[in-house]
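Visitor: I'm passing along input-v8.json; it holds JSON, C-alpha atoms.
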[["chain", "number", "residue", "atom", "x", "y", "z"],
["A", 829, "MET", "CA", -72.07, -26.04, 127.94],
["A", 830, "TRP", "CA", -69.98, -22.89, 128.44],
["A", 831, "LYS", "CA", -70.58, -21.85, 124.82],
["A", 832, "LYS", "CA", -74.35, -22.17, 125.28],
["A", 833, "ILE", "CA", -74.19, -20.07, 128.44],
["A", 834, "ARG", "CA", -72.02, -17.46, 126.72],
["A", 835, "TYR", "CA", -74.38, -17.27, 123.75],
["A", 836, "LYS", "CA", -77.36, -16.72, 126.07],
["A", 837, "LEU", "CA", -75.46, -14.00, 127.94],
["A", 838, "GLU", "CA", -74.54, -12.33, 124.64],
["A", 839, "TYR", "CA", -78.17, -12.41, 123.53],
["A", 840, "GLY", "CA", -79.44, -11.00, 126.80],
["A", 841, "GLY", "CA", -76.80, -8.27, 126.87],
["A", 842, "LEU", "CA", -77.50, -7.26, 123.27],
["A", 843, "LEU", "CA", -81.27, -7.24, 123.81],
["A", 844, "ILE", "CA", -80.97, -4.99, 126.87],
["A", 845, "THR", "CA", -78.47, -2.67, 125.19],
["A", 846, "ALA", "CA", -80.53, -2.39, 122.00],
["A", 847, "SER", "CA", -83.56, -1.51, 124.13],
["A", 848, "LEU", "CA", -81.81, 1.11, 126.28],
["A", 849, "ILE", "CA", -79.57, 2.93, 123.78],
["A", 850, "PRO", "CA", -82.44, 4.52, 121.77],
["A", 851, "LEU", "CA", -83.67, 6.12, 125.00],
["A", 852, "LEU", "CA", -80.45, 8.11, 125.43],
["A", 853, "PRO", "CA", -79.65, 11.55, 123.97],
["A", 854, "ARG", "CA", -77.18, 11.27, 121.11],
["A", 855, "ARG", "CA", -74.44, 13.16, 122.97],
["A", 856, "PHE", "CA", -74.53, 10.42, 125.64],
["A", 857, "VAL", "CA", -74.18, 7.75, 122.96],
["A", 858, "LEU", "CA", -71.16, 9.55, 121.52],
["A", 859, "ALA", "CA", -69.58, 9.78, 124.98],
["A", 860, "ILE", "CA", -70.21, 6.08, 125.71],
["A", 861, "ALA", "CA", -68.61, 5.10, 122.40],
["A", 862, "ARG", "CA", -65.58, 7.28, 123.06],
["A", 863, "VAL", "CA", -65.03, 5.93, 126.58],
["A", 864, "GLY", "CA", -66.03, 2.34, 125.79],
["A", 865, "GLY", "CA", -63.92, 2.21, 122.65],
["A", 866, "GLY", "CA", -60.93, 3.56, 124.53],
["A", 867, "ILE", "CA", -61.31, 0.93, 127.24],
["A", 868, "ALA", "CA", -61.73, -1.82, 124.65],
["A", 869, "SER", "CA", -58.52, -0.77, 122.89],
["A", 870, "MET", "CA", -56.62, -1.37, 126.14],
["A", 871, "ALA", "CA", -58.51, -4.46, 127.32],
["A", 872, "ASP", "CA", -58.43, -6.34, 123.99],
["A", 873, "ARG", "CA", -54.72, -7.16, 124.01],
["A", 874, "ALA", "CA", -54.97, -9.63, 121.12],
["A", 875, "GLY", "CA", -56.87, -7.20, 118.88],
["A", 876, "ARG", "CA", -54.55, -4.32, 119.77],
["A", 877, "ARG", "CA", -51.51, -6.45, 118.88],
["A", 878, "VAL", "CA", -53.03, -7.27, 115.48],
["A", 879, "ALA", "CA", -53.90, -3.63, 114.84],
["A", 880, "LEU", "CA", -50.40, -2.40, 115.68],
["A", 881, "ALA", "CA", -48.84, -5.13, 113.52],
["A", 882, "ASN", "CA", -51.08, -4.07, 110.61],
["A", 883, "LEU", "CA", -50.06, -0.43, 111.01],
["A", 884, "ASP", "CA", -46.37, -1.39, 111.20],
["A", 885, "ALA", "CA", -46.68, -3.43, 107.98],
["A", 886, "VAL", "CA", -48.50, -0.70, 106.06],
["A", 887, "PHE", "CA", -46.97, 2.54, 107.33],
["A", 888, "GLY", "CA", -43.59, 1.46, 108.71],
["A", 889, "GLU", "CA", -41.95, 4.54, 110.23],
["A", 890, "GLU", "CA", -44.41, 6.98, 108.68],
["A", 891, "TYR", "CA", -46.09, 7.15, 112.10],
["A", 892, "CYS", "CA", -44.27, 6.93, 115.42],
["A", 893, "ALA", "CA", -45.30, 4.41, 118.09],
["A", 894, "SER", "CA", -47.49, 6.85, 120.00],
["A", 895, "GLU", "CA", -49.30, 7.91, 116.82],
["A", 896, "LYS", "CA", -49.99, 4.27, 115.96],
["A", 897, "ARG", "CA", -51.43, 3.68, 119.43],
["A", 898, "ARG", "CA", -53.64, 6.73, 118.94],
["A", 899, "ILE", "CA", -54.87, 5.37, 115.58],
["A", 900, "VAL", "CA", -55.66, 2.01, 117.20],
["A", 901, "ARG", "CA", -57.60, 3.69, 120.02],
["A", 902, "LYS", "CA", -59.60, 5.78, 117.57],
["A", 903, "SER", "CA", -60.25, 2.71, 115.40],
["A", 904, "TYR", "CA", -61.87, 0.99, 118.39],
["A", 905, "GLN", "CA", -63.85, 4.14, 119.12],
["A", 906, "HIS", "CA", -65.12, 4.38, 115.55],
["A", 907, "PHE", "CA", -66.23, 0.75, 115.64],
["A", 908, "ALA", "CA", -67.92, 1.23, 119.04],
["A", 909, "GLN", "CA", -69.70, 4.27, 117.63],
["A", 910, "THR", "CA", -70.86, 2.26, 114.61],
["A", 911, "MET", "CA", -72.38, -0.47, 116.77],
["A", 912, "LEU", "CA", -74.00, 1.92, 119.23],
["A", 913, "ASP", "CA", -75.36, 4.05, 116.39],
["A", 914, "LEU", "CA", -76.94, 0.96, 114.87],
["A", 915, "MET", "CA", -78.72, 0.34, 118.18],
["A", 916, "TRP", "CA", -79.69, 4.03, 118.40],
["A", 917, "SER", "CA", -80.95, 4.02, 114.80],
["A", 918, "PRO", "CA", -84.65, 3.41, 115.64],
["A", 919, "ARG", "CA", -84.56, 7.17, 116.31],
["A", 920, "LEU", "CA", -83.75, 7.73, 112.62],
["A", 921, "THR", "CA", -86.47, 8.24, 110.01],
["A", 922, "SER", "CA", -86.59, 9.26, 106.37],
["A", 923, "ALA", "CA", -87.59, 12.73, 107.59],
["A", 924, "ASN", "CA", -84.78, 13.34, 110.09],
["A", 925, "PHE", "CA", -81.78, 11.26, 109.03],
["A", 926, "HIS", "CA", -80.27, 14.24, 107.17],
["A", 927, "ARG", "CA", -79.60, 15.84, 110.56],
["A", 928, "TYR", "CA", -76.96, 13.18, 111.12],
["A", 929, "ILE", "CA", -75.95, 11.98, 107.64],
["A", 930, "ASP", "CA", -75.08, 14.01, 104.55],
["A", 931, "PHE", "CA", -76.32, 12.12, 101.51],
["A", 932, "GLU", "CA", -76.17, 13.06, 97.84],
["A", 933, "TRP", "CA", -77.53, 10.71, 95.19],
["A", 934, "PRO", "CA", -74.75, 9.27, 92.98],
["A", 935, "ARG", "CA", -74.42, 11.65, 90.04],
["A", 936, "GLU", "CA", -73.92, 8.88, 87.48],
["A", 937, "LEU", "CA", -76.87, 6.79, 88.69],
["A", 938, "GLN", "CA", -80.39, 7.36, 87.46],
["A", 939, "ALA", "CA", -83.11, 7.23, 90.10],
["A", 940, "SER", "CA", -84.66, 4.10, 88.54],
["A", 941, "GLU", "CA", -81.35, 2.32, 87.78],
["A", 942, "ASN", "CA", -80.31, -0.72, 89.80],
["A", 943, "VAL", "CA", -76.83, -0.84, 91.29],
["A", 944, "ILE", "CA", -74.22, -2.90, 93.13],
["A", 945, "ILE", "CA", -72.74, -0.86, 96.00],
["A", 946, "ALA", "CA", -69.27, -2.02, 97.09],
["A", 947, "CYS", "CA", -68.74, -0.89, 100.70],
["A", 948, "TYR", "CA", -65.90, -1.00, 103.23],
["A", 949, "HIS", "CA", -65.57, -1.43, 107.00],
["A", 950, "TYR", "CA", -64.72, 2.23, 107.33],
["A", 951, "SER", "CA", -66.34, 4.53, 109.89],
["A", 952, "ASN", "CA", -70.12, 4.06, 110.21],
["A", 953, "PHE", "CA", -70.81, 1.51, 107.47],
["A", 954, "GLU", "CA", -74.10, 0.59, 109.18],
["A", 955, "TRP", "CA", -75.47, 4.11, 108.80],
["A", 956, "LEU", "CA", -74.27, 4.22, 105.20],
["A", 957, "SER", "CA", -76.66, 1.34, 104.55],
["A", 958, "LEU", "CA", -79.53, 2.90, 106.49],
["A", 959, "ALA", "CA", -79.08, 6.27, 104.76],
["A", 960, "CYS", "CA", -79.26, 4.64, 101.33],
["A", 961, "GLY", "CA", -82.51, 2.96, 102.33],
["A", 962, "PHE", "CA", -84.07, 6.14, 103.70],
["A", 963, "GLN", "CA", -83.08, 7.92, 100.47],
["A", 964, "GLY", "CA", -84.83, 5.26, 98.38],
["A", 965, "LEU", "CA", -81.74, 3.30, 97.29],
["A", 966, "ARG", "CA", -82.90, -0.04, 98.69],
["A", 967, "GLY", "CA", -81.80, -3.57, 97.94],
["A", 968, "THR", "CA", -81.10, -7.10, 99.07],
["A", 969, "ILE", "CA", -77.85, -7.12, 101.04],
["A", 970, "LEU", "CA", -75.49, -9.97, 101.81],
["A", 971, "ALA", "CA", -74.50, -10.20, 105.47],
["A", 972, "GLN", "CA", -71.94, -12.38, 107.22],
["A", 973, "GLU", "CA", -73.61, -14.87, 109.56],
["A", 974, "PHE", "CA", -72.94, -14.60, 113.30],
["A", 975, "LYS", "CA", -71.35, -17.51, 115.12],
["A", 976, "ASN", "CA", -74.06, -16.91, 117.72],
["A", 977, "SER", "CA", -77.10, -17.25, 115.46],
["A", 978, "VAL", "CA", -79.58, -16.02, 118.09],
["A", 979, "LEU", "CA", -78.16, -12.51, 117.64],
["A", 980, "GLU", "CA", -79.17, -12.34, 113.98],
["A", 981, "PRO", "CA", -82.86, -11.38, 114.44],
["A", 982, "ILE", "CA", -81.89, -8.32, 116.50],
["A", 983, "PHE", "CA", -79.34, -7.11, 113.96],
["A", 984, "ARG", "CA", -81.63, -7.91, 111.04],
["A", 985, "ARG", "CA", -84.44, -5.84, 112.56],
["A", 986, "LEU", "CA", -82.14, -2.86, 113.03],
["A", 987, "ARG", "CA", -80.54, -3.14, 109.59],
["A", 988, "GLU", "CA", -83.79, -3.58, 107.68],
["A", 989, "GLN", "CA", -85.67, -0.62, 109.17],
["A", 990, "SER", "CA", -84.94, 1.67, 106.21],
["A", 991, "GLY", "CA", -86.27, -0.80, 103.65],
["A", 992, "HIS", "CA", -83.41, -3.21, 102.88],
["A", 993, "PHE", "CA", -83.68, -6.99, 102.99],
["A", 994, "PHE", "CA", -80.71, -8.90, 104.45],
["A", 995, "ILE", "CA", -79.80, -12.47, 103.53],
["A", 996, "PRO", "CA", -76.92, -14.74, 104.67],
["A", 997, "ARG", "CA", -73.74, -14.53, 102.61],
["A", 998, "THR", "CA", -73.54, -18.34, 102.41],
["A", 999, "GLY", "CA", -75.46, -19.38, 99.31],
["A", 1000, "GLY", "CA", -76.71, -15.86, 98.75],
["A", 1001, "ILE", "CA", -74.79, -14.90, 95.60],
["A", 1002, "LEU", "CA", -77.09, -16.78, 93.23],
["A", 1003, "ARG", "CA", -80.15, -15.25, 94.89],
["A", 1004, "VAL", "CA", -78.67, -11.79, 94.42],
["A", 1005, "PHE", "CA", -77.75, -12.63, 90.80],
["A", 1006, "LYS", "CA", -81.38, -13.48, 90.02],
["A", 1007, "LEU", "CA", -82.56, -10.36, 91.84],
["A", 1008, "LEU", "CA", -80.22, -8.11, 89.84],
["A", 1009, "ARG", "CA", -81.45, -9.66, 86.59],
["A", 1010, "ARG", "CA", -84.97, -8.66, 87.66],
["A", 1011, "GLY", "CA", -83.96, -5.04, 88.22],
["A", 1012, "GLY", "CA", -83.05, -5.12, 91.91],
["A", 1013, "SER", "CA", -80.05, -3.65, 93.71],
["A", 1014, "THR", "CA", -77.58, -4.95, 96.27],
["A", 1015, "ALA", "CA", -74.67, -3.93, 98.47],
["A", 1016, "MET", "CA", -71.85, -5.85, 100.12],
["A", 1017, "LEU", "CA", -68.78, -5.28, 102.26],
["A", 1018, "ILE", "CA", -65.74, -6.24, 100.19],
["A", 1019, "ASP", "CA", -62.61, -5.49, 102.24],
["A", 1020, "LEU", "CA", -62.35, -8.51, 104.55],
["A", 1021, "THR", "CA", -60.03, -11.44, 103.95],
["A", 1022, "VAL", "CA", -61.49, -14.67, 102.60],
["A", 1023, "PRO", "CA", -59.75, -18.08, 102.34],
["A", 1024, "PRO", "CA", -57.81, -18.59, 99.10],
["A", 1025, "GLY", "CA", -59.58, -20.66, 96.48],
["A", 1026, "THR", "CA", -61.84, -20.47, 93.46],
["A", 1027, "SER", "CA", -64.11, -17.96, 95.22],
["A", 1028, "ALA", "CA", -61.28, -15.49, 95.98],
["A", 1029, "VAL", "CA", -58.90, -13.18, 94.14],
["A", 1030, "ALA", "CA", -55.60, -11.61, 95.20],
["A", 1031, "ILE", "CA", -55.20, -7.84, 95.17],
["A", 1032, "ASN", "CA", -52.59, -5.31, 96.25],
["A", 1033, "CYS", "CA", -54.00, -3.75, 99.40],
["A", 1034, "LEU", "CA", -51.96, -0.93, 100.96],
["A", 1035, "GLY", "CA", -48.78, -2.41, 99.50],
["A", 1036, "LEU", "CA", -49.46, -6.00, 100.63],
["A", 1037, "GLN", "CA", -51.12, -8.91, 98.86],
["A", 1038, "LYS", "CA", -54.55, -9.86, 100.16],
["A", 1039, "SER", "CA", -57.18, -12.53, 99.42],
["A", 1040, "VAL", "CA", -60.67, -11.01, 99.01],
["A", 1041, "THR", "CA", -64.06, -11.84, 97.56],
["A", 1042, "PRO", "CA", -64.71, -11.19, 93.85],
["A", 1043, "ALA", "CA", -68.49, -11.49, 94.31],
["A", 1044, "HIS", "CA", -69.22, -7.88, 93.38],
["A", 1045, "ALA", "CA", -67.03, -8.14, 90.27],
["A", 1046, "TRP", "CA", -68.67, -11.41, 89.20],
["A", 1047, "LEU", "CA", -72.17, -9.97, 89.65],
["A", 1048, "HIS", "CA", -71.18, -6.89, 87.67],
["A", 1049, "GLN", "CA", -69.72, -8.99, 84.85],
["A", 1050, "GLN", "CA", -72.70, -11.35, 84.64],
["A", 1051, "THR", "CA", -75.48, -8.77, 84.86],
["A", 1052, "GLY", "CA", -74.00, -5.52, 83.55],
["A", 1053, "VAL", "CA", -75.47, -3.72, 86.58],
["A", 1054, "ALA", "CA", -73.64, -0.53, 87.60],
["A", 1055, "LEU", "CA", -70.89, -1.11, 90.19],
["A", 1056, "ILE", "CA", -70.21, 1.85, 92.48],
["A", 1057, "PRO", "CA", -67.87, 1.81, 95.50],
["A", 1058, "ALA", "CA", -68.92, 3.87, 98.52],
["A", 1059, "HIS", "CA", -67.72, 4.66, 102.02],
["A", 1060, "CYS", "CA", -68.92, 6.59, 105.06],
["A", 1061, "GLN", "CA", -66.82, 9.64, 105.98],
["A", 1062, "PRO", "CA", -66.85, 10.77, 109.64],
["A", 1063, "LEU", "CA", -67.54, 14.46, 110.25],
["A", 1064, "LYS", "CA", -67.34, 16.67, 113.32],
["A", 1065, "GLY", "CA", -69.94, 16.33, 116.05],
["A", 1066, "GLY", "CA", -70.75, 12.69, 115.37],
["A", 1067, "ARG", "CA", -72.13, 13.35, 111.89],
["A", 1068, "TYR", "CA", -71.30, 11.43, 108.71],
["A", 1069, "ARG", "CA", -71.22, 11.82, 104.94],
["A", 1070, "VAL", "CA", -71.99, 9.03, 102.48],
["A", 1071, "VAL", "CA", -69.38, 9.26, 99.70],
["A", 1072, "PHE", "CA", -70.01, 7.53, 96.37],
["A", 1073, "HIS", "CA", -66.97, 6.90, 94.20],
["A", 1074, "PRO", "CA", -67.06, 7.01, 90.38],
["A", 1075, "ARG", "CA", -68.78, 4.13, 88.64],
["A", 1076, "ILE", "CA", -66.42, 1.30, 87.70],
["A", 1077, "LYS", "CA", -65.92, 1.38, 83.92],
["A", 1078, "LEU", "CA", -63.42, -1.19, 82.65],
["A", 1079, "GLY", "CA", -65.17, -2.72, 79.67],
["A", 1080, "PRO", "CA", -66.30, -6.29, 78.94],
["A", 1081, "LYS", "CA", -62.78, -7.72, 78.63],
["A", 1082, "ALA", "CA", -61.70, -6.75, 82.15],
["A", 1083, "SER", "CA", -60.92, -9.67, 84.48],
["A", 1084, "MET", "CA", -62.43, -10.05, 87.93],
["A", 1085, "ASN", "CA", -59.00, -9.33, 89.40],
["A", 1086, "GLU", "CA", -58.86, -6.02, 87.56],
["A", 1087, "ILE", "CA", -62.37, -5.01, 88.66],
["A", 1088, "VAL", "CA", -61.73, -5.89, 92.30],
["A", 1089, "GLN", "CA", -58.37, -4.07, 92.27],
["A", 1090, "VAL", "CA", -59.91, -0.90, 90.83],
["A", 1091, "CYS", "CA", -62.66, -0.99, 93.46],
["A", 1092, "TRP", "CA", -60.05, -1.14, 96.21],
["A", 1093, "ASP", "CA", -57.80, 1.46, 94.55],
["A", 1094, "SER", "CA", -60.67, 3.97, 94.62],
["A", 1095, "PHE", "CA", -60.73, 3.62, 98.40],
["A", 1096, "GLU", "CA", -57.06, 3.21, 99.35],
["A", 1097, "SER", "CA", -56.31, 6.92, 99.30],
["A", 1098, "VAL", "CA", -59.12, 7.42, 101.83],
["A", 1099, "VAL", "CA", -57.46, 5.00, 104.27],
["A", 1100, "ARG", "CA", -54.03, 6.53, 103.80],
["A", 1101, "ALA", "CA", -55.35, 10.04, 104.37],
["A", 1102, "ASN", "CA", -57.27, 9.10, 107.54],
["A", 1103, "PRO", "CA", -56.48, 5.54, 108.69],
["A", 1104, "ALA", "CA", -58.25, 5.55, 112.09],
["A", 1105, "PRO", "CA", -61.83, 4.81, 110.91],
["A", 1106, "TRP", "CA", -60.81, 1.53, 109.21],
["A", 1107, "LEU", "CA", -61.06, -1.81, 111.06],
["A", 1108, "TRP", "CA", -57.36, -2.24, 111.91],
["A", 1109, "MET", "CA", -57.89, -4.92, 114.58],
["A", 1110, "TYR", "CA", -59.02, -7.38, 111.88],
["A", 1111, "LYS", "CA", -56.49, -9.82, 110.36],
["A", 1112, "HIS", "CA", -56.52, -8.31, 106.88],
["A", 1113, "TRP", "CA", -53.37, -10.13, 105.68],
["A", 1114, "ARG", "CA", -53.76, -13.72, 106.88],
["A", 1115, "TYR", "CA", -51.89, -15.01, 103.84],
["A", 1116, "ARG", "CA", -48.56, -13.89, 102.41],
["A", 1117, "PRO", "CA", -46.37, -14.87, 99.47],
["A", 1118, "MET", "CA", -44.02, -17.75, 100.25],
["A", 1119, "ASP", "CA", -40.85, -15.80, 99.48],
["A", 1120, "ILE", "CA", -41.75, -12.82, 101.71],
["A", 1121, "ASP", "CA", -41.84, -12.73, 105.50],
["A", 1122, "GLY", "CA", -40.73, -9.66, 107.43],
["A", 1123, "SER", "CA", -42.90, -7.05, 105.69],
["A", 1124, "TYR", "CA", -46.14, -8.84, 106.65],
["A", 1125, "PRO", "CA", -47.84, -8.91, 110.08],
["A", 1126, "PHE", "CA", -46.86, -11.65, 112.53],
["A", 1127, "TYR", "CA", -50.09, -13.62, 112.00],
["A", 1128, "SER", "CA", -49.56, -13.95, 108.21],
["A", 1129, "SER", "CA", -48.53, -17.31, 106.82],
["A", 1130, "PRO", "CA", -47.94, -18.77, 103.33],
["A", 1131, "HIS", "CA", -50.66, -20.82, 101.70],
["A", 1132, "PRO", "CA", -50.26, -22.95, 98.54],
["A", 1133, "GLN", "CA", -53.58, -21.86, 97.07],
["A", 1134, "PHE", "CA", -52.79, -18.22, 97.73],
["A", 1135, "GLU", "CA", -49.45, -18.67, 95.94],
["A", 1136, "ARG", "CA", -51.28, -20.08, 92.91],
["A", 1137, "MET", "CA", -53.64, -17.09, 92.98],
["A", 1138, "LEU", "CA", -50.67, -14.72, 92.92],
["A", 1139, "MET", "CA", -49.12, -16.53, 89.96],
["A", 1140, "LYS", "CA", -52.35, -16.08, 87.95],
["A", 1141, "LYS", "CA", -52.48, -12.31, 88.45]]
Represent the supplied structure as structure tokens.

Guide:
Amino acid sequence: MWKKIRYKLEYGGLLITASLIPLLPRRFVLAIARVGGGIASMADRAGRRVALANLDAVFGEEYCASEKRRIVRKSYQHFAQTMLDLMWSPRLTSANFHRYIDFEWPRELQASENVIIACYHYSNFEWLSLACGFQGLRGTILAQEFKNSVLEPIFRRLREQSGHFFIPRTGGILRVFKLLRRGGSTAMLIDLTVPPGTSAVAINCLGLQKSVTPAHAWLHQQTGVALIPAHCQPLKGGRYRVVFHPRIKLGPKASMNEIVQVCWDSFESVVRANPAPWLWMYKHWRYRPMDIDGSYPFYSSPHPQFERMLMKK
């Protein structure tokens, strides 16, 4: 009963917020994200603990305690900005989006060529998607389902306004495979942890082993469609730049592990140079090797299937 009530409250709150935010000047939205994200970083004790543990595991003593707290606060603020900007995005059009987002077409991609865009939860990943659509780089995109399914129509409406079509991640890979074979394009977020198994690969992520999806690598192998990583770079004044990385070129004999690792490697230097925009409050390293303990975050635990994945690398 409580879950049903909570889901209805979440739906009502999101509907009201999504209706009101586009009415506000952008400077107000930026201020709300800054204040709201700062409050969330203090109120969400569990998420803050995870974020600090992640930073400790990755950077050790490279940053002092106060600097790590600052990174966590800014990480919450970046995520708040991303969500509020998505709700504000009905104000964006193909004619005006360049005021807020710098976008240059990938140099190695022909205008008529289809592509697989491998994205990351870094800065405003929602506007990265919208900017691509407004620029004409549209596709069918896999999206993680919400636990509260009644929220999905609101997010789908906002995410599809620049011409994309969103489908659930569950069971969606084969649909995307068929679409790519017909000349379509797609994009997916590839940096979150997935359970170890046949639909996962292990990569070195910021010096730690991580279980991630190989979906983008598999689609690239099976279809030959261009695979290009991309991220959204925050700029001053609440603006952004869509950054396309070089096309992945490893040849037909490359394994999925190698493709996925190269995709991440193209992005890792971005995180190390400016860690705050990444989603640090997420449990990126849920699984760890059995013979290693202290260097991983507190929430990490060994998993037999993950150990087998590491042995196959």

Visitor: For a quick check of understanding, using only C-alpha atoms, which of A:Ser990, A:Gln1061, A:Thr968, A:Ser1013 has the smallest distance to A:Tyr950?

Guide: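 For A:Tyr950, the nearest of the given residues is A:Gln1061.
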
Visitor: Find the residue from A:Asp1093, A:Glu980, A:Glu954, A:Glu932 that sits nearest to A:Met915; use only C-alpha atoms when measuring.

Guide: A:Glu954

Visitor: I want to know what sits within 10 Å of A:Asp1121, based on only C-alpha atoms, with residues of the same chain fewer than 6 positions away left out; could you give that as a PyMOL selection string?

Guide: chain A and resi 1128-1130

Visitor: List the spatial neighbours of A:Phe974 as a ChimeraX atom specification - criterion: any atom at most 12 Å away, all atoms listed in the file, same-chain residues fewer than 2 positions off excluded.

Guide: /A:835,838-839,971-972,976-984,996-998

Visitor: Keeping only C-alpha atoms, write those residues as a compact mmCIF listing (two decimals), in the coordinates of the input.

Guide:
# COMPACT_ATOMS: atom_id res chain seq x y z
CA TYR A 835 -74.38 -17.27 123.75
CA GLU A 838 -74.54 -12.33 124.64
CA TYR A 839 -78.17 -12.41 123.53
CA ALA A 971 -74.50 -10.20 105.47
CA GLN A 972 -71.94 -12.38 107.22
CA ASN A 976 -74.06 -16.91 117.72
CA SER A 977 -77.10 -17.25 115.46
CA VAL A 978 -79.58 -16.02 118.09
CA LEU A 979 -78.16 -12.51 117.64
CA GLU A 980 -79.17 -12.34 113.98
CA PRO A 981 -82.86 -11.38 114.44
CA ILE A 982 -81.89 -8.32 116.50
CA PHE A 983 -79.34 -7.11 113.96
CA ARG A 984 -81.63 -7.91 111.04
CA PRO A 996 -76.92 -14.74 104.67
CA ARG A 997 -73.74 -14.53 102.61
CA THR A 998 -73.54 -18.34 102.41

Visitor: Using all atoms listed in the file, which residues sit within 7 Å of A:Ile995 once same-chain residues fewer than 3 positions away are excluded, as a PyMOL selection string?

Guide: chain A and resi 969-971+1000

Visitor: Please list as a VMD selection string every residue within 9 Å of A:Lys1038, counting all atoms listed in the file and excluding residues in the same chain fewer than 4 positions away.

Guide: chain A and resid 1021 to 1022 1029 to 1033 1112 to 1116 1134

Visitor: Tell me, in Å to one decimal, how far atom CA of A:Val878 is from atom CA of A:Lys1111.

Guide: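 Separation of atom CA of A:Val878 and atom CA of A:Lys1111: 6.7 Å.
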
Visitor: When you count all atoms listed in the file, which of these residues is closest to A:Thr910: A:Ala881, A:Ala874, A:Leu956, A:Met829?

Guide: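 Once distances to A:Thr910 are computed over all atoms listed in the file, the minimum belongs to A:Leu956.
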
Visitor: Quote the spacing between atom CA of A:Tyr1068 and atom CA of A:Ala1101 in Å to one decimal place.

Guide: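 Interatomic distance, atom CA of A:Tyr1068 to atom CA of A:Ala1101: 16.6 Å.
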
Visitor: As a short mmCIF file (atom, residue, chain, number, x, y, z; two decimals), keeping the file's coordinate frame, could you write out stretch 1120-1131 of chain A once it has been completed with N, CA, C and O atoms?

Guide:
data_model
loop_
_atom_site.label_atom_id
_atom_site.label_comp_id
_atom_site.auth_asym_id
_atom_site.auth_seq_id
_atom_site.Cartn_x
_atom_site.Cartn_y
_atom_site.Cartn_z
N ILE A 1120 -41.77 -14.07 100.95
CA ILE A 1120 -41.75 -12.82 101.71
C ILE A 1120 -42.17 -13.11 103.14
O ILE A 1120 -43.09 -13.87 103.39
N ASP A 1121 -41.51 -12.47 104.10
CA ASP A 1121 -41.84 -12.73 105.50
C ASP A 1121 -41.94 -11.43 106.29
O ASP A 1121 -42.99 -11.02 106.72
N GLY A 1122 -40.82 -10.75 106.48
CA GLY A 1122 -40.73 -9.66 107.43
C GLY A 1122 -41.67 -8.49 107.20
O GLY A 1122 -42.04 -7.80 108.14
N SER A 1123 -42.06 -8.22 105.96
CA SER A 1123 -42.90 -7.05 105.69
C SER A 1123 -44.37 -7.28 106.00
O SER A 1123 -45.16 -6.34 105.95
N TYR A 1124 -44.74 -8.52 106.34
CA TYR A 1124 -46.14 -8.84 106.65
C TYR A 1124 -46.34 -8.95 108.15
O TYR A 1124 -45.39 -9.20 108.90
N PRO A 1125 -47.58 -8.79 108.64
CA PRO A 1125 -47.84 -8.91 110.08
C PRO A 1125 -47.50 -10.30 110.60
O PRO A 1125 -47.44 -11.28 109.83
N PHE A 1126 -47.31 -10.40 111.91
CA PHE A 1126 -46.86 -11.65 112.53
C PHE A 1126 -47.80 -12.82 112.30
O PHE A 1126 -47.38 -13.98 112.28
N TYR A 1127 -49.10 -12.55 112.13
CA TYR A 1127 -50.09 -13.62 112.00
C TYR A 1127 -50.17 -14.16 110.57
O TYR A 1127 -50.85 -15.16 110.31
N SER A 1128 -49.51 -13.51 109.61
CA SER A 1128 -49.56 -13.95 108.21
C SER A 1128 -48.78 -15.24 108.03
O SER A 1128 -47.77 -15.48 108.70
N SER A 1129 -49.24 -16.07 107.12
CA SER A 1129 -48.53 -17.31 106.82
C SER A 1129 -48.74 -17.66 105.35
O SER A 1129 -49.75 -17.28 104.74
N PRO A 1130 -47.79 -18.37 104.74
CA PRO A 1130 -47.94 -18.77 103.33
C PRO A 1130 -49.03 -19.82 103.18
O PRO A 1130 -49.34 -20.56 104.13
N HIS A 1131 -49.60 -19.86 102.00
CA HIS A 1131 -50.66 -20.82 101.70
C HIS A 1131 -50.53 -21.23 100.24
O HIS A 1131 -50.45 -20.35 99.36
#
